[in-house]
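Trainee: File name coords-v9.cif; file contents mmCIF, C-alpha atoms; full text below.
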data_protein
loop_
_atom_site.label_atom_id
_atom_site.label_comp_id
_atom_site.auth_asym_id
_atom_site.auth_seq_id
_atom_site.Cartn_x
_atom_site.Cartn_y
_atom_site.Cartn_z
CA MET Q 373 -20.89 -5.11 -8.28
CA PRO Q 374 -24.38 -5.87 -6.90
CA ASP Q 375 -26.22 -8.48 -8.96
CA PHE Q 376 -29.51 -6.62 -8.41
CA PRO Q 377 -30.63 -3.05 -9.19
CA ILE Q 378 -29.76 -0.62 -6.41
CA VAL Q 379 -31.30 2.53 -4.96
CA ASP Q 380 -29.14 5.65 -4.99
CA ALA Q 381 -30.29 7.75 -2.04
CA HIS Q 382 -28.21 10.85 -2.78
CA VAL Q 383 -28.00 12.33 -6.28
CA HIS Q 384 -27.60 15.97 -7.30
CA LEU Q 385 -29.16 17.20 -10.54
CA TYR Q 386 -29.13 20.78 -11.76
CA ASP Q 387 -29.49 23.04 -14.76
CA VAL Q 388 -27.30 26.13 -14.53
CA LYS Q 389 -29.35 27.81 -17.26
CA LYS Q 390 -32.62 27.47 -15.37
CA LEU Q 391 -31.54 28.16 -11.79
CA SER Q 392 -28.63 29.85 -9.99
CA TYR Q 393 -26.08 27.99 -7.87
CA SER Q 394 -23.44 30.52 -6.76
CA TRP Q 395 -21.30 27.91 -4.99
CA LEU Q 396 -20.51 26.19 -8.29
CA VAL Q 397 -18.25 29.07 -9.28
CA ASN Q 398 -15.71 27.69 -6.81
CA VAL Q 399 -15.86 24.16 -8.24
CA PRO Q 400 -15.40 24.64 -11.99
CA LYS Q 401 -15.02 20.92 -12.64
CA ILE Q 402 -18.75 20.38 -12.02
CA ASN Q 403 -20.00 23.87 -12.91
CA ARG Q 404 -22.32 22.83 -15.71
CA THR Q 405 -25.74 21.27 -16.17
CA TYR Q 406 -26.14 17.66 -15.00
CA LEU Q 407 -29.35 15.80 -15.82
CA LEU Q 408 -30.50 12.18 -15.75
CA GLU Q 409 -28.89 11.35 -19.07
CA ASP Q 410 -25.57 12.46 -17.59
CA PHE Q 411 -26.21 10.26 -14.56
CA ASP Q 412 -26.81 7.29 -16.83
CA LYS Q 413 -23.48 7.84 -18.54
CA ALA Q 414 -21.70 8.16 -15.19
CA ARG Q 415 -23.15 5.03 -13.56
CA GLN Q 416 -21.88 2.86 -16.42
CA GLN Q 417 -22.61 -0.80 -15.66
CA VAL Q 418 -24.24 -0.18 -12.27
CA ALA Q 419 -27.99 -0.82 -12.46
CA VAL Q 420 -29.92 1.86 -10.54
CA GLU Q 421 -33.65 1.29 -10.08
CA LYS Q 422 -34.56 4.29 -7.93
CA ILE Q 423 -32.98 7.70 -7.31
CA VAL Q 424 -33.42 10.19 -4.48
CA PHE Q 425 -32.62 13.78 -5.37
CA ALA Q 426 -30.86 15.83 -2.69
CA GLU Q 427 -31.13 19.62 -2.83
CA VAL Q 428 -28.13 21.34 -4.40
CA ALA Q 429 -27.82 24.57 -2.37
CA VAL Q 430 -29.67 26.58 -4.99
CA ASP Q 431 -29.42 30.34 -4.41
CA PRO Q 432 -31.65 31.76 -1.64
CA GLY Q 433 -35.33 32.03 -2.46
CA LEU Q 434 -35.25 29.46 -5.27
CA HIS Q 435 -35.94 26.28 -3.30
CA ILE Q 436 -39.56 25.97 -4.45
CA GLU Q 437 -38.45 26.43 -8.06
CA GLU Q 438 -35.76 23.80 -7.59
CA ALA Q 439 -38.30 21.28 -6.29
CA ALA Q 440 -40.64 22.08 -9.20
CA PHE Q 441 -37.79 21.52 -11.66
CA ILE Q 442 -37.01 18.11 -10.17
CA GLN Q 443 -40.66 17.06 -9.95
CA ALA Q 444 -41.09 17.84 -13.64
CA MET Q 445 -38.12 15.59 -14.34
CA ALA Q 446 -39.56 12.86 -12.10
CA ASP Q 447 -42.87 13.00 -13.94
CA LYS Q 448 -41.01 11.87 -17.05
CA ASP Q 449 -38.73 9.28 -15.41
CA SER Q 450 -40.15 7.06 -12.68
CA ARG Q 451 -36.70 6.19 -11.35
CA LEU Q 452 -36.57 9.62 -9.72
CA SER Q 453 -38.64 8.50 -6.76
CA GLY Q 454 -37.84 10.94 -3.99
CA ILE Q 455 -37.03 14.60 -3.44
CA ILE Q 456 -35.14 15.99 -0.45
CA ALA Q 457 -35.84 19.71 -0.72
CA HIS Q 458 -34.23 22.71 0.91
CA LEU Q 459 -36.28 24.40 3.61
CA PRO Q 460 -35.19 27.58 5.46
CA LEU Q 461 -35.85 26.19 8.93
CA GLU Q 462 -34.41 29.30 10.55
CA LYS Q 463 -37.77 30.94 9.78
CA GLY Q 464 -39.31 29.00 12.64
CA VAL Q 465 -42.97 28.06 12.51
CA GLY Q 466 -43.36 30.63 9.74
CA VAL Q 467 -41.88 27.98 7.46
CA GLU Q 468 -45.30 26.30 7.28
CA SER Q 469 -46.07 28.25 4.10
CA ASP Q 470 -42.91 26.88 2.48
CA ILE Q 471 -43.89 23.35 3.53
CA ALA Q 472 -47.32 23.81 2.00
CA ALA Q 473 -45.73 24.98 -1.26
CA LEU Q 474 -43.35 22.02 -1.33
CA LYS Q 475 -46.04 19.47 -0.57
CA GLN Q 476 -47.64 20.11 -3.94
CA PHE Q 477 -44.78 17.99 -5.34
CA ARG Q 478 -45.83 14.36 -4.98
CA ASN Q 479 -42.25 13.02 -4.73
CA LEU Q 480 -41.31 15.16 -1.73
CA ARG Q 481 -39.97 12.85 0.97
CA GLY Q 482 -37.56 14.86 3.11
CA ILE Q 483 -35.99 18.18 3.96
CA ARG Q 484 -32.42 19.38 4.14
CA ARG Q 485 -31.04 22.65 5.45
CA LEU Q 486 -27.25 22.64 5.09
CA ILE Q 487 -25.41 23.06 8.38
CA GLU Q 488 -21.87 22.38 7.15
CA THR Q 489 -21.68 25.69 5.27
CA GLU Q 490 -22.49 27.84 8.30
CA ARG Q 491 -19.68 29.47 10.25
CA ASN Q 492 -21.60 28.85 13.44
CA PRO Q 493 -23.27 25.41 13.26
CA ALA Q 494 -24.95 26.09 16.61
CA PHE Q 495 -27.63 27.97 14.66
CA CYS Q 496 -29.36 24.59 14.21
CA LEU Q 497 -30.04 24.52 17.96
CA GLU Q 498 -31.71 27.94 18.05
CA PRO Q 499 -35.38 27.90 19.16
CA GLU Q 500 -36.70 28.92 15.72
CA PHE Q 501 -34.81 26.17 13.91
CA LEU Q 502 -35.94 23.54 16.39
CA ALA Q 503 -39.56 24.71 16.25
CA ALA Q 504 -39.56 24.41 12.46
CA LEU Q 505 -37.85 21.03 12.56
CA LYS Q 506 -40.47 19.66 14.94
CA LEU Q 507 -43.15 20.44 12.34
CA LEU Q 508 -41.78 17.80 9.94
CA PRO Q 509 -43.28 14.64 11.50
CA ARG Q 510 -46.85 15.88 11.05
CA HIS Q 511 -46.07 16.22 7.33
CA ASN Q 512 -44.37 12.79 7.18
CA LEU Q 513 -41.04 14.37 6.21
CA SER Q 514 -37.56 13.35 7.34
CA PHE Q 515 -34.55 15.62 7.84
CA ASP Q 516 -31.11 15.09 6.31
CA ILE Q 517 -28.28 16.30 8.54
CA CYS Q 518 -25.25 17.54 6.62
CA VAL Q 519 -22.33 18.43 8.88
CA LYS Q 520 -18.58 18.08 8.83
CA HIS Q 521 -16.81 16.09 11.54
CA TRP Q 522 -16.08 19.12 13.70
CA ALA Q 523 -19.81 19.84 14.02
CA MET Q 524 -20.94 16.29 14.86
CA THR Q 525 -21.65 17.35 18.44
CA TYR Q 526 -24.42 19.62 17.10
CA ALA Q 527 -25.85 16.78 15.03
CA ILE Q 528 -26.05 14.57 18.11
CA GLU Q 529 -27.73 17.28 20.15
CA LEU Q 530 -30.18 18.01 17.33
CA VAL Q 531 -31.29 14.38 17.22
CA LYS Q 532 -31.61 14.24 21.00
CA ARG Q 533 -33.78 17.35 21.13
CA CYS Q 534 -36.14 16.15 18.40
CA PRO Q 535 -36.94 12.51 19.24
CA ASP Q 536 -40.03 12.45 17.02
CA VAL Q 537 -38.15 13.54 13.88
CA SER Q 538 -36.74 10.94 11.48
CA PHE Q 539 -33.10 11.90 10.76
CA VAL Q 540 -30.64 10.83 8.08
CA LEU Q 541 -26.94 11.62 8.60
CA ASP Q 542 -25.49 12.53 5.20
CA HIS Q 543 -21.98 11.51 4.13
CA ILE Q 544 -21.30 9.66 7.41
CA GLY Q 545 -20.69 13.01 9.09
CA LYS Q 546 -17.76 13.91 6.81
CA PRO Q 547 -14.81 12.59 8.86
CA ASP Q 548 -11.35 14.08 8.32
CA ILE Q 549 -10.05 11.26 6.16
CA LYS Q 550 -7.53 13.56 4.47
CA ASN Q 551 -5.57 13.90 7.72
CA GLY Q 552 -6.30 10.39 8.95
CA LEU Q 553 -8.13 11.66 12.03
CA ARG Q 554 -10.61 9.37 13.74
CA GLN Q 555 -11.48 10.91 17.10
CA PRO Q 556 -13.74 12.39 18.19
CA TRP Q 557 -15.75 11.41 15.06
CA TRP Q 558 -15.18 7.68 15.74
CA GLY Q 559 -16.83 7.85 19.15
CA GLN Q 560 -19.50 10.32 18.05
CA ILE Q 561 -20.72 7.90 15.38
CA LYS Q 562 -21.26 5.33 18.13
CA GLU Q 563 -23.11 7.93 20.21
CA LEU Q 564 -25.33 8.92 17.30
CA ALA Q 565 -26.03 5.30 16.38
CA ALA Q 566 -27.32 4.72 19.92
CA LEU Q 567 -30.21 7.10 19.14
CA PRO Q 568 -33.10 5.22 17.48
CA ASN Q 569 -34.41 8.01 15.24
CA VAL Q 570 -31.41 8.33 12.91
CA VAL Q 571 -30.02 6.32 10.01
CA CYS Q 572 -26.73 6.92 8.20
CA LYS Q 573 -26.16 7.54 4.51
CA ILE Q 574 -22.91 6.10 3.17
CA SER Q 575 -22.29 8.81 0.62
CA GLY Q 576 -19.81 11.58 -0.15
CA VAL Q 577 -16.97 9.86 1.68
CA VAL Q 578 -14.11 9.86 -0.84
CA THR Q 579 -14.34 13.63 -1.25
CA GLU Q 580 -13.24 13.94 2.39
CA ALA Q 581 -9.93 12.26 1.52
CA ASN Q 582 -6.99 13.86 -0.29
CA HIS Q 583 -8.38 14.56 -3.76
CA ALA Q 584 -5.03 14.11 -5.47
CA SER Q 585 -3.63 11.05 -3.69
CA TRP Q 586 -6.45 9.15 -1.98
CA LYS Q 587 -6.54 5.36 -1.95
CA PRO Q 588 -9.46 3.02 -1.24
CA ASP Q 589 -7.77 1.85 1.97
CA ASP Q 590 -7.89 5.44 3.26
CA VAL Q 591 -11.67 5.36 3.10
CA LYS Q 592 -12.67 1.79 3.92
CA PRO Q 593 -12.12 1.87 7.73
CA TYR Q 594 -14.54 4.79 8.09
CA VAL Q 595 -17.23 3.04 6.06
CA ALA Q 596 -16.73 -0.18 8.01
CA HIS Q 597 -17.04 1.68 11.32
CA VAL Q 598 -20.36 3.23 10.30
CA ILE Q 599 -21.79 -0.13 9.26
CA ASP Q 600 -20.56 -1.72 12.48
CA SER Q 601 -22.10 1.10 14.53
CA PHE Q 602 -25.49 1.44 12.85
CA GLY Q 603 -26.00 -2.06 11.48
CA PHE Q 604 -27.36 -2.90 8.05
CA ASP Q 605 -30.91 -1.95 9.01
CA ARG Q 606 -29.84 1.68 9.43
CA VAL Q 607 -27.35 2.38 6.65
CA MET Q 608 -28.10 3.26 3.04
CA TYR Q 609 -26.08 3.70 -0.14
CA GLY Q 610 -25.70 7.09 -1.78
CA SER Q 611 -23.35 8.20 -4.54
CA ASP Q 612 -23.25 11.96 -3.88
CA TRP Q 613 -23.09 12.32 -7.64
CA THR Q 614 -22.22 14.94 -9.10
CA VAL Q 615 -19.94 16.07 -6.27
CA SER Q 616 -18.36 12.62 -6.42
CA GLU Q 617 -17.02 13.50 -9.86
CA LEU Q 618 -14.37 15.61 -8.11
CA THR Q 619 -12.53 12.49 -6.98
CA HIS Q 620 -13.79 9.25 -8.52
CA SER Q 621 -16.05 7.46 -10.96
CA TYR Q 622 -19.46 6.10 -10.00
CA PRO Q 623 -18.49 2.40 -10.23
CA THR Q 624 -15.39 3.05 -8.13
CA TRP Q 625 -17.53 3.99 -5.12
CA VAL Q 626 -19.72 0.92 -5.50
CA GLN Q 627 -16.60 -1.25 -5.65
CA ILE Q 628 -15.22 0.28 -2.45
CA ILE Q 629 -18.46 -0.49 -0.60
CA ASP Q 630 -18.52 -3.99 -2.07
CA ASP Q 631 -15.00 -4.56 -0.74
CA VAL Q 632 -15.99 -3.39 2.74
CA ILE Q 633 -19.02 -5.67 2.92
CA ALA Q 634 -17.38 -8.71 1.33
CA GLY Q 635 -18.61 -11.77 3.16
CA CYS Q 636 -21.89 -10.30 4.34
CA SER Q 637 -25.19 -11.98 3.49
CA ASP Q 638 -27.31 -11.17 0.46
CA ALA Q 639 -30.01 -9.86 2.80
CA GLU Q 640 -27.53 -7.43 4.39
CA ARG Q 641 -26.32 -6.22 0.99
CA ARG Q 642 -29.89 -5.58 -0.10
CA LYS Q 643 -30.58 -3.57 3.04
CA LEU Q 644 -27.60 -1.31 2.39
CA TYR Q 645 -28.14 -0.94 -1.36
CA ARG Q 646 -31.96 -0.85 -1.40
CA GLU Q 647 -34.20 -1.54 1.53
CA THR Q 648 -33.12 1.07 4.09
CA ALA Q 649 -33.55 3.87 1.55
CA ILE Q 650 -36.90 2.52 0.35
CA ARG Q 651 -38.18 2.34 3.92
CA THR Q 652 -36.73 5.65 5.13
CA TYR Q 653 -37.83 7.72 2.15
CA ARG Q 654 -41.01 5.71 1.47
CA LEU Q 655 -40.08 5.09 -2.14
#
Is it possible to give me this structure as structure tokens?
Mentor:
Amino acid sequence: MPDFPIVDAHVHLYDVKKLSYSWLVNVPKINRTYLLEDFDKARQQVAVEKIVFAEVAVDPGLHIEEAAFIQAMADKDSRLSGIIAHLPLEKGVGVESDIAALKQFRNLRGIRRLIETERNPAFCLEPEFLAALKLLPRHNLSFDICVKHWAMTYAIELVKRCPDVSFVLDHIGKPDIKNGLRQPWWGQIKELAALPNVVCKISGVVTEANHASWKPDDVKPYVAHVIDSFGFDRVMYGSDWTVSELTHSYPTWVQIIDDVIAGCSDAERRKLYRETAIRTYRL
């Protein structure tokens, strides 16, 4: 385990009594309220200094309320340093009013609009989506890309078309670890890493393996490939808690990453576990 406090760049928190999350009906194991006290129980011996909240696919129209709920929590616990909020980018430049509403929350650092849940991921390349996305730099906001491996080609094109936007690839692009597939994801990671305006979040990886029979060695080659491709200056740690609860404990994920980076320098470990997230999300 790291001998210094880490930064967790991808944590989900939610209160099912305050807001509605329809998708949770299909994942009963985590269909309940999860707050910071639950996070503290889950992390066990892992010291976490800062936390970045990632939007939780709250039901349509509730994204401002979700951000307000998280900011109120952050006002009481300084560890909650960043908010990645949902923004309906498909509204085009009309999304400016949503941005203005979100910017009232002082911990807002980035935006996410899920792509992986769309039947046609090409929607992210529509003119309205791109126009809205290109508004983010003037507000000093980054964009988290969340796609599965079969939509990586859209992620690459999105980054190419918006060179002024700061991108974060969530969950290393969700490779098909369950079936042991590497290509074309393996090559696409290299292609994406060649673009200077994107960093990669090492989060939500185990959940792409077989939930019932996964082993650490199923996951490690994918993590190692991402680090090799992006370098320590452009990778950051994330737990993907609470979704991670579907497959493994919090310390288990940290141990897997520790195993992959065994032998690296202390400076490299600190970049992965702290510094890239602090720089990217301005924590």
Trainee: Given the PyMOL selection byres ((chain Q and resi 441) around 12) and the file above, list the residues it selects as a ChimeraX atom specification.
Mentor: /Q:385-391,407,425,427,430,434-440,442-448,455,457,474,477,479
Trainee: Please enumerate the residues selected by the PyMOL selection byres ((chain Q and resi 523) around 12) when evaluated against the supplied file, formatted as a ChimeraX atom specification.
Mentor: /Q:486-497,517-522,524-530,545-548,556-557,560
Trainee: Which of these, Q:Arg642, Q:Ser514, Q:His382, Q:Ala581, has the shortest distance to Asp630 in chain Q once you count only C-alpha atoms?
Mentor: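 That would be Q:Arg642, the residue with the smallest distance to Asp630 in chain Q.
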Trainee: Tell me which of Q:Ile544, Q:Asn403, Q:Ser450, Q:Ala414 sits closest to His597 in chain Q, counting all atoms listed in the file.
Mentor: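 Once distances to His597 in chain Q are computed over all atoms listed in the file, the minimum belongs to Q:Ile544.
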Trainee: I need the residue nearest Thr579 in chain Q from this list: Q:Thr619, Q:Leu553, Q:Phe376, Q:Ser611. Use all atoms listed in the file for the distance.
Mentor: Q:Thr619
Trainee: Do a neighbour search on Ala566 in chain Q at 9 Å with all atoms listed in the file, toss out local chain neighbours closer than 5 positions, and write the hits as a short mmCIF file (atom, residue, chain, number, x, y, z; two decimals) with C-alpha atoms, keeping the file's coordinate frame.
Mentor:
data_model
loop_
_atom_site.label_atom_id
_atom_site.label_comp_id
_atom_site.auth_asym_id
_atom_site.auth_seq_id
_atom_site.Cartn_x
_atom_site.Cartn_y
_atom_site.Cartn_z
CA ILE Q 561 -20.72 7.90 15.38
CA SER Q 601 -22.10 1.10 14.53
CA PHE Q 602 -25.49 1.44 12.85
#
Trainee: Given all atoms listed in the file as the basis, pick out the residue of Q:Asp410, Q:Asp431, Q:Asp470, Q:Val540 nearest to Gly482 in chain Q.
Mentor: Q:Val540
Trainee: Considering all atoms listed in the file, state which residue in the set Q:Ile483, Q:Ile599, Q:Cys572, Q:Ala584 is at the smallest distance from Val537 in chain Q.
Mentor: Q:Ile483
Trainee: Interatomic distance between CA of Arg646 in chain Q and CA of Pro377 in chain Q?
Mentor: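 These two atoms are separated by 8.2 Å.
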Trainee: Which is closer to Ile378 in chain Q than all the others in Q:Glu647, Q:Asp638, Q:Asp542, Q:Asp631, using only C-alpha atoms?
Mentor: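 Smallest distance to Ile378 in chain Q is found for Q:Glu647.
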Trainee: Could you work out how far CA of Gly464 in chain Q lies from CA of Pro499 in chain Q, giving the answer in Å with one decimal?
Mentor: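 For CA of Pro499 in chain Q relative to CA of Gly464 in chain Q, the distance reads 7.7 Å.
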Trainee: In Å, rounded to a single decimal, give me how far CA of Asp516 in chain Q is from CA of Glu580 in chain Q.
Mentor: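 Computed distance, CA of Glu580 in chain Q to CA of Asp516 in chain Q, equals 18.3 Å.
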Trainee: Run through the PyMOL selection byres ((chain Q and resi 421) around 9) on the given coordinates and return the selected residues as a list in words.
Mentor: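 Evaluating the PyMOL selection byres ((chain Q and resi 421) around 9) on this file yields Pro377, Ile378, Val379, Asp380, Ala419, Val420, Lys422, Ile423, Arg451 and Leu452 of chain Q.
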Trainee: Please report, as lines of an AutoDock Vina configuration file, the centre and edge lengths in Å to one decimal of an axis-aligned box covering all listed atoms of range 535-549 of chain Q with 4 Å per side.
Mentor:
center_x = -25.0
center_y = 11.9
center_z = 11.7
size_x = 38.0
size_y = 12.4
size_z = 23.1
Trainee: Need to verify the contact set: Asp589 in chain Q, 12 Å, only C-alpha atoms, exclusion of same-chain residues closer than 2 positions in sequence. Can you return it as a list in words?
Mentor: Ile549, Lys550, Gly552, Val578, Ala581, Ser585, Trp586, Lys587, Val591, Lys592, Pro593, Tyr594, Val595, Ala596, Ile628, Ile629, Asp631 and Val632 of chain Q
